[in-house]
>>> print(open('upload-v3.txt').read())   # compact mmCIF, C-alpha atoms
# COMPACT_ATOMS: atom_id res chain seq x y z
CA MET O 1 -12.43 27.33 72.89
CA TYR O 2 -14.23 30.58 73.58
CA SER O 3 -12.03 33.47 72.46
CA ILE O 4 -11.87 36.29 74.96
CA TYR O 5 -9.65 38.51 72.79
CA LEU O 6 -11.08 42.02 72.59
CA GLN O 7 -10.09 45.03 70.53
CA SER O 8 -11.10 48.45 71.69
CA ALA O 9 -14.34 49.58 70.10
CA VAL O 10 -13.31 53.19 70.52
CA ASN O 11 -11.23 55.26 68.09
CA LEU O 12 -8.63 57.83 69.01
CA GLY O 13 -10.72 60.97 68.61
CA VAL O 14 -14.36 61.88 68.94
CA SER O 15 -14.07 63.80 65.67
CA VAL O 16 -13.51 60.54 63.75
CA MET O 17 -16.25 58.64 65.61
CA GLY O 18 -18.98 59.49 63.15
CA PHE O 19 -22.34 57.77 63.20
CA ALA O 20 -21.30 55.34 60.43
CA VAL O 21 -18.32 54.24 62.51
CA LEU O 22 -20.52 53.91 65.60
CA ASN O 23 -22.93 51.73 63.65
CA GLN O 24 -20.08 49.50 62.47
CA ARG O 25 -18.77 49.08 66.01
CA LEU O 26 -22.27 48.29 67.24
CA ASN O 27 -22.68 45.59 64.58
CA GLU O 28 -19.38 44.02 65.65
CA LEU O 29 -20.46 43.91 69.30
CA GLU O 30 -23.82 42.42 68.37
CA GLN O 31 -22.10 39.67 66.37
CA ARG O 32 -19.81 38.88 69.30
CA LEU O 33 -22.83 38.48 71.55
CA LYS O 34 -24.47 36.14 69.08
CA GLN O 35 -21.30 34.03 69.01
CA SER O 36 -21.49 33.76 72.80
CA GLU O 37 -25.08 32.51 72.81
CA GLU O 38 -24.19 28.84 72.25
CA LEU O 39 -21.96 28.68 75.30
CA LEU O 40 -24.38 30.68 77.43
CA ASN O 41 -27.21 28.33 76.51
CA LYS O 42 -25.18 25.49 78.02
CA ILE O 43 -25.34 27.17 81.40
CA ASN O 44 -28.98 28.20 81.00
CA ARG O 45 -28.15 31.87 80.48
CA LYS O 46 -30.32 33.90 78.15
CA ILE O 47 -29.16 37.20 76.76
CA ASP O 48 -31.22 39.98 75.26
CA ILE O 49 -29.76 41.42 72.06
CA GLY O 50 -33.08 42.77 70.84
CA TYR O 51 -32.29 46.30 71.97
CA TYR O 52 -29.36 46.50 69.55
CA ALA O 53 -31.95 47.02 66.80
CA ASN O 54 -33.33 50.03 68.69
CA PHE O 55 -29.86 51.42 69.27
CA LYS O 56 -28.97 51.09 65.58
CA ALA O 57 -32.29 52.70 64.65
CA ALA O 58 -31.33 55.66 66.85
CA ILE O 59 -28.01 55.97 65.02
CA GLY O 60 -29.87 55.89 61.70
CA LEU O 61 -32.15 58.63 62.98
CA ALA O 62 -29.15 60.76 63.95
CA MET O 63 -27.53 60.23 60.55
CA ASN O 64 -30.71 61.35 58.81
CA ALA O 65 -31.14 64.31 61.14
CA PHE O 66 -27.88 65.93 60.14
CA THR O 67 -28.58 65.64 56.44
CA MET O 68 -31.73 67.75 56.81
CA THR O 69 -31.62 71.21 55.28
CA LYS O 70 -34.37 72.72 57.45
CA VAL O 71 -33.09 73.61 60.89
CA GLU O 72 -36.33 72.73 62.67
CA ASN O 73 -36.41 69.24 61.11
CA ARG O 74 -32.77 68.64 61.94
CA GLU O 75 -33.22 69.68 65.57
CA ARG O 76 -36.42 67.67 66.01
CA MET O 77 -34.89 64.45 64.70
CA ALA O 78 -31.64 65.02 66.58
CA ILE O 79 -33.51 65.46 69.88
CA GLU O 80 -35.44 62.26 69.20
CA ALA O 81 -32.14 60.44 68.57
CA ILE O 82 -30.66 61.89 71.78
CA ASN O 83 -33.64 60.62 73.78
CA ARG O 84 -33.08 57.14 72.37
CA PHE O 85 -29.38 57.29 73.21
CA LEU O 86 -30.31 58.28 76.77
CA GLU O 87 -32.55 55.23 76.92
CA ALA O 88 -29.69 53.07 75.63
CA GLU O 89 -27.41 54.43 78.34
CA HIS O 90 -29.86 53.39 81.06
CA ILE O 91 -30.47 49.96 79.54
CA TYR O 92 -26.82 49.07 78.97
CA THR O 93 -25.78 50.40 82.37
CA ASP O 94 -28.26 47.95 83.86
CA TYR O 95 -27.10 45.11 81.57
CA THR O 96 -23.45 45.82 82.38
CA ASP O 97 -24.04 45.86 86.13
CA LYS O 98 -25.89 42.55 86.03
CA GLU O 99 -23.17 40.85 83.99
CA LEU O 100 -20.40 42.22 86.19
CA GLU O 101 -22.23 40.95 89.25
CA GLN O 102 -22.24 37.46 87.72
CA GLY O 103 -18.65 37.68 86.52
CA SER O 104 -19.95 37.05 83.03
CA GLN O 105 -17.91 36.75 79.85
CA ILE O 106 -20.26 39.14 78.01
CA ALA O 107 -19.81 42.02 80.44
CA ASP O 108 -17.23 43.55 78.09
CA GLU O 109 -19.66 43.66 75.14
CA TYR O 110 -22.28 45.47 77.19
CA LEU O 111 -19.67 47.80 78.68
CA LEU O 112 -18.39 48.81 75.26
CA THR O 113 -21.96 49.21 74.00
CA LEU O 114 -22.59 51.55 76.93
CA SER O 115 -19.51 53.54 75.91
CA LEU O 116 -20.82 53.89 72.36
CA ALA O 117 -24.17 55.17 73.65
CA TYR O 118 -22.47 58.05 75.48
CA ILE O 119 -20.28 58.82 72.46
CA ALA O 120 -23.33 58.86 70.15
CA GLU O 121 -25.18 61.25 72.45
CA ALA O 122 -22.18 63.58 72.74
CA ARG O 123 -21.74 63.54 68.97
CA CYS O 124 -25.36 64.69 68.53
CA HIS O 125 -24.82 67.62 70.87
CA LEU O 126 -21.64 68.57 69.00
CA GLU O 127 -23.45 68.41 65.68
CA LEU O 128 -26.13 70.72 67.14
CA GLY O 129 -23.43 73.23 68.11
CA GLU O 130 -23.66 72.56 71.86
CA PRO O 131 -20.12 71.60 72.95
CA GLU O 132 -20.75 72.51 76.60
CA THR O 133 -23.70 70.12 76.76
CA ALA O 134 -21.66 67.47 74.94
CA LEU O 135 -18.88 67.90 77.48
CA SER O 136 -21.25 67.69 80.44
CA ARG O 137 -22.83 64.49 79.16
CA PHE O 138 -19.46 63.01 78.29
CA GLN O 139 -18.09 63.74 81.74
CA GLU O 140 -21.09 61.99 83.25
CA GLY O 141 -20.49 59.05 80.93
CA ALA O 142 -16.81 58.94 81.83
CA LYS O 143 -17.69 58.45 85.51
CA VAL O 144 -20.18 55.69 84.73
CA VAL O 145 -17.85 53.89 82.32
CA ARG O 146 -14.68 54.16 84.39
CA SER O 147 -16.23 52.73 87.55
CA ARG O 148 -17.45 49.70 85.61
CA ILE O 149 -14.20 49.23 83.71
CA HIS O 150 -12.49 49.28 87.11
CA LYS O 151 -14.76 46.46 88.31
CA TYR O 152 -14.14 44.49 85.14
CA VAL O 153 -10.37 44.89 85.39
CA GLU O 154 -10.41 43.71 89.01
CA LEU O 155 -12.56 40.74 87.95
CA LEU O 156 -10.06 39.71 85.26
CA LEU O 157 -7.09 40.19 87.59
CA THR O 158 -8.68 37.27 89.50
CA SER O 159 -8.39 36.40 93.17
CA ASN O 160 -4.64 36.02 92.65
CA PRO O 161 -3.15 38.46 90.10
CA ALA O 162 0.24 36.77 90.55
CA ALA O 163 -1.12 34.11 88.17
CA TYR O 164 -0.06 36.45 85.37
CA LEU O 165 3.55 36.23 86.57
CA GLN O 166 3.87 32.45 86.44
CA PRO O 167 7.16 31.15 84.94
CA GLN O 168 5.48 29.80 81.80
CA PHE O 169 4.61 33.34 80.74
CA LYS O 170 8.23 34.49 80.60
CA GLY O 171 8.71 36.41 77.37
CA GLN O 172 4.95 37.09 77.11
CA ILE O 173 3.99 38.83 80.34
CA ASP O 174 6.34 40.76 82.57
CA LEU O 175 6.01 42.90 85.67
CA ARG O 176 6.02 46.08 83.61
CA ARG O 177 2.78 45.14 81.84
CA LEU O 178 1.07 44.30 85.11
CA THR O 179 2.40 47.52 86.66
CA ARG O 180 0.89 49.66 83.88
CA ILE O 181 -2.51 48.20 84.69
CA TYR O 182 -2.11 48.86 88.41
CA GLN O 183 -0.92 52.41 87.65
CA TRP O 184 -4.20 53.05 85.85
CA ILE O 185 -5.93 52.08 89.11
CA ASP O 186 -3.46 54.00 91.30
CA PRO O 187 -0.89 56.23 89.51
CA ALA O 188 1.28 56.31 92.66
CA LEU O 189 2.25 52.65 92.28
CA ASP O 190 5.58 51.67 90.72
CA GLU O 191 6.99 48.25 89.83
CA ASN O 192 8.38 47.71 93.33
CA ALA O 193 5.01 48.50 94.92
CA VAL O 194 3.21 46.12 92.55
CA PHE O 195 5.73 43.38 93.33
CA GLU O 196 5.12 43.89 97.06
CA LEU O 197 1.38 43.54 96.43
CA GLN O 198 2.05 40.19 94.75
CA ARG O 199 4.76 38.82 97.08
CA GLU O 200 2.40 36.67 99.18
CA ASN O 201 0.27 35.85 96.14
CA LEU O 202 3.30 34.34 94.41
CA LEU O 203 3.86 32.12 97.43
CA LYS O 204 0.21 31.01 97.46
CA MET O 205 0.39 30.18 93.77
CA ALA O 206 3.52 28.11 94.30
CA GLN O 207 2.11 26.23 97.28
CA ASP O 208 -1.25 25.33 95.76
CA PRO O 209 -1.31 26.17 92.03
CA ASP O 210 -4.68 24.52 91.36
CA LYS O 211 -6.72 26.21 94.11
CA TRP O 212 -6.75 29.54 92.28
CA ALA O 213 -8.52 28.00 89.27
CA GLU O 214 -11.54 26.95 91.33
CA SER O 215 -12.52 30.58 91.96
CA LEU O 216 -12.12 31.85 88.40
CA PRO O 217 -15.02 33.94 87.04
CA ALA O 218 -16.88 32.88 83.91
CA ALA O 219 -15.39 35.97 82.26
CA ILE O 220 -12.19 33.92 82.01
CA LEU O 221 -13.35 30.32 82.15
CA SER O 222 -16.60 28.42 82.60
CA ARG O 223 -16.52 24.80 83.75
CA VAL O 224 -18.71 23.74 80.81
CA GLU O 225 -15.88 24.70 78.46
CA VAL O 226 -13.42 22.23 79.98
CA ALA O 227 -13.47 18.50 79.30
CA GLY O 228 -13.02 16.30 82.35
CA GLY O 229 -13.76 12.87 83.75
CA TRP O 230 -17.06 11.34 84.80
CA PHE O 231 -17.59 14.02 87.42
CA GLY O 232 -16.45 16.93 85.26
CA PRO O 233 -13.15 18.83 85.24
CA ASN O 234 -11.01 18.93 88.35
CA ALA O 235 -8.96 21.90 89.56
CA GLY O 236 -5.94 20.79 87.55
CA ASP O 237 -7.99 20.64 84.34
CA LEU O 238 -9.35 24.11 85.01
CA LYS O 239 -5.94 25.58 85.68
CA ARG O 240 -4.38 24.14 82.54
CA GLU O 241 -7.14 25.66 80.42
CA ALA O 242 -7.03 28.96 82.31
CA ASP O 243 -3.27 29.23 81.82
CA LYS O 244 -3.79 28.98 78.07
CA ARG O 245 -6.09 31.98 78.20
CA LEU O 246 -4.29 34.35 80.54
CA PRO O 247 -2.12 36.06 77.88
CA GLU O 248 -5.29 36.91 75.91
CA VAL O 249 -7.11 37.95 79.08
CA LEU O 250 -4.31 40.41 79.86
CA GLU O 251 -4.79 41.89 76.39
CA VAL O 252 -8.46 42.35 77.22
CA ILE O 253 -7.54 44.20 80.41
CA GLU O 254 -5.12 46.44 78.52
CA SER O 255 -7.78 47.12 75.88
CA MET O 256 -10.34 48.16 78.48
CA VAL O 257 -7.82 50.47 80.15
CA GLU O 258 -7.08 51.97 76.73
CA THR O 259 -10.81 52.49 76.16
CA ASN O 260 -11.00 54.50 79.37
CA ARG O 261 -7.97 56.58 78.44
CA ARG O 262 -9.54 57.40 75.10
CA PHE O 263 -12.62 58.57 76.94
CA GLU O 264 -10.35 60.99 78.81
CA ALA O 265 -8.88 62.14 75.50
CA TYR O 266 -12.38 62.76 74.16
CA GLN O 267 -13.04 65.06 77.10
CA ALA O 268 -9.91 67.03 76.24
CA GLU O 269 -10.96 67.30 72.61
CA ILE O 270 -14.46 68.52 73.44
CA GLN O 271 -13.08 71.01 75.99
CA ALA O 272 -10.71 72.33 73.34
CA ILE O 273 -13.60 72.86 70.91
CA ALA O 274 -15.59 74.69 73.57
CA GLN O 275 -12.73 76.88 74.81
CA LEU O 276 -11.49 77.77 71.32
CA GLY O 277 -14.99 78.87 70.36
CA ILE O 278 -14.76 76.93 67.10
CA SER O 279 -17.77 75.17 65.62
CA PHE O 280 -17.66 71.38 65.46
CA HIS O 281 -17.92 71.46 61.66
CA ASP O 282 -14.97 73.86 61.42
CA TRP O 283 -13.07 71.58 63.81
CA LEU O 284 -13.68 68.66 61.45
CA LYS O 285 -12.31 70.70 58.54
CA LEU O 286 -8.95 71.30 60.23
CA ALA O 287 -6.23 69.67 58.16
CA PRO O 288 -2.46 69.31 58.45
CA SER O 289 -0.25 71.75 56.62
CA THR O 290 1.14 70.75 53.24
CA GLU O 291 4.69 70.95 54.56
CA SER O 292 6.73 67.77 54.40
CA LYS O 293 6.63 65.63 57.52
CA PRO O 294 9.43 63.53 59.01
CA ASP O 295 9.37 59.85 58.04
CA GLY O 296 5.98 60.17 56.41
CA ALA O 297 4.24 60.94 59.72
CA GLU O 298 0.58 61.89 59.52
CA LEU O 299 0.32 64.15 62.53
CA MET O 300 -1.43 67.46 63.08
CA TYR O 301 -0.68 69.80 65.98
CA ILE O 302 -3.22 72.41 67.04
CA ILE O 303 -1.49 75.22 68.92
CA PRO O 304 -3.91 77.75 70.45
CA SER O 305 -2.80 81.32 71.06
CA LYS O 306 -3.64 80.88 74.75
CA ALA O 307 -3.19 77.82 76.94
CA LEU O 308 -6.34 75.77 77.41
CA LYS O 309 -7.60 74.94 80.90
CA LEU O 310 -8.54 71.29 80.61
CA LYS O 311 -10.15 69.39 83.46
CA PHE O 312 -10.95 65.71 83.55
CA SER O 313 -13.90 64.09 85.30
CA VAL O 314 -13.11 60.43 85.97
>>> encode(input="upload-v3.txt", output="structure tokens")
Amino acid sequence: MYSIYLQSAVNLGVSVMGFAVLNQRLNELEQRLKQSEELLNKINRKIDIGYYANFKAAIGLAMNAFTMTKVENRERMAIEAINRFLEAEHIYTDYTDKELEQGSQIADEYLLTLSLAYIAEARCHLELGEPETALSRFQEGAKVVRSRIHKYVELLLTSNPAAYLQPQFKGQIDLRRLTRIYQWIDPALDENAVFELQRENLLKMAQDPDKWAESLPAAILSRVEVAGGWFGPNAGDLKREADKRLPEVLEVIESMVETNRRFEAYQAEIQAIAQLGISFHDWLKLAPSTESKPDGAELMYIIPSKALKLKFSV
């Protein structure tokens, strides 16, 4: 069975997303794409992973740039890396859009790769001491990424999101989890509003439980993955297999929502650097006090003398 489980490729803060970490995440995404090739070949789908080599070369260029001692060499190599990251952003935006249009199961890999491209570019600008430029580019990336995460979430919610509330998922999936996803789409929604959205869907699922499976996107289930009779799998076969996957699919949705929220947190971090007038390297050197912490917590609070005016572009 094709595993759709996905962990967020994005860490909690842009300050810990160094180029080595970005390279590691990129390798993981590339390997996941390679694992998907066998299934995609069965449905005559070809994927292009060749550009991952170019993306990783750009990361290597950035890593080398910021070890240079001469300022002019560092800036020249960093600008070259930035140009390659810009190219990666265009390429993976196009790849992501095409896969979303087809409801593909590799849309998430391309979407996360796109996220890494924007993070890598912003990191370069921060390393060059240009937090305002980093923020501007990151805000642009946040708009691009959020709109596509939104499409992907709606794709995985399927034509009937009430499928996630079927009785067999009691103890695994509840209305609160589904509500948190809908609140990311529309913060005004509460559990009662989400239930009202699903009231008729629950009835449709009860009346014809197999019909829903026939419209499932390949991002959840492809017919070639399901064994059937002489004429292939029927709707009942598809639904039984889909039901096995829905708990993992919901985890994917939650992971993608978390990725978007971390993008928002990155914006706040970069705005803080810019407004505090602190260099990125000094920001990286900030460390918690040596005072004892409750229950071994490893937390650090940064309290500016004046309140910061943070704005989010999503």
>>> residues_around(input="upload-v3.txt", residues="segment 212-222 of chain O", least_positions_apart="3", cutoff="6 Å", atoms="all atoms listed in the file", output="number ranges by chain")
O: 103-105, 225, 235, 238-239
>>> closest_residue(input="upload-v3.txt", among="O:Pro247, O:Gly141, O:Pro167, O:Gly50", to="Tyr118 of chain O", atoms="all atoms listed in the file")
O:Gly141
>>> closest_residue(input="upload-v3.txt", among="O:Gln139, O:Thr96, O:Asn27, O:Thr67", to="Glu264 of chain O", atoms="all atoms listed in the file")
O:Gln139
>>> atom_distance(input="upload-v3.txt", atom1="atom CA of Glu200 of chain O", atom2="atom CA of Ala163 of chain O")
11.8 Å
>>> closest_atom_pairs(input="upload-v3.txt", of="segment 102-178 of chain O", to="segment 253-258 of chain O", cutoff="9 Å", atoms="only C-alpha atoms", output="tab-separated table")
residue	atom	partner	partner_atom	distance
O:Asp108	CA	O:Met256	CA	8.3
O:Leu112	CA	O:Met256	CA	8.7
O:Arg146	CA	O:Val257	CA	8.9
O:Ile149	CA	O:Met256	CA	6.6
O:His150	CA	O:Val257	CA	8.5
O:Tyr152	CA	O:Ile253	CA	8.1
O:Val153	CA	O:Ile253	CA	5.8
O:Leu156	CA	O:Ile253	CA	7.1
O:Leu157	CA	O:Ile253	CA	8.2
O:Arg177	CA	O:Glu254	CA	8.7
>>> atom_distance(input="upload-v3.txt", atom1="atom CA of Met17 of chain O", atom2="atom CA of Tyr52 of chain O")
18.3 Å
>>> atom_distance(input="upload-v3.txt", atom1="atom CA of Thr179 of chain O", atom2="atom CA of Val194 of chain O")
6.1 Å
>>> closest_residue(input="upload-v3.txt", among="O:Val144, O:Leu250, O:Leu155, O:Val226", to="Glu99 of chain O", atoms="all atoms listed in the file")
O:Leu155
>>> closest_residue(input="upload-v3.txt", among="O:Ala20, O:Ile49, O:Leu100, O:Leu126", to="Ile82 of chain O", atoms="only C-alpha atoms")
O:Leu126
>>> closest_residue(input="upload-v3.txt", among="O:Ala188, O:Met205, O:Leu26, O:Leu286", to="Ile119 of chain O", atoms="all atoms listed in the file")
O:Leu26
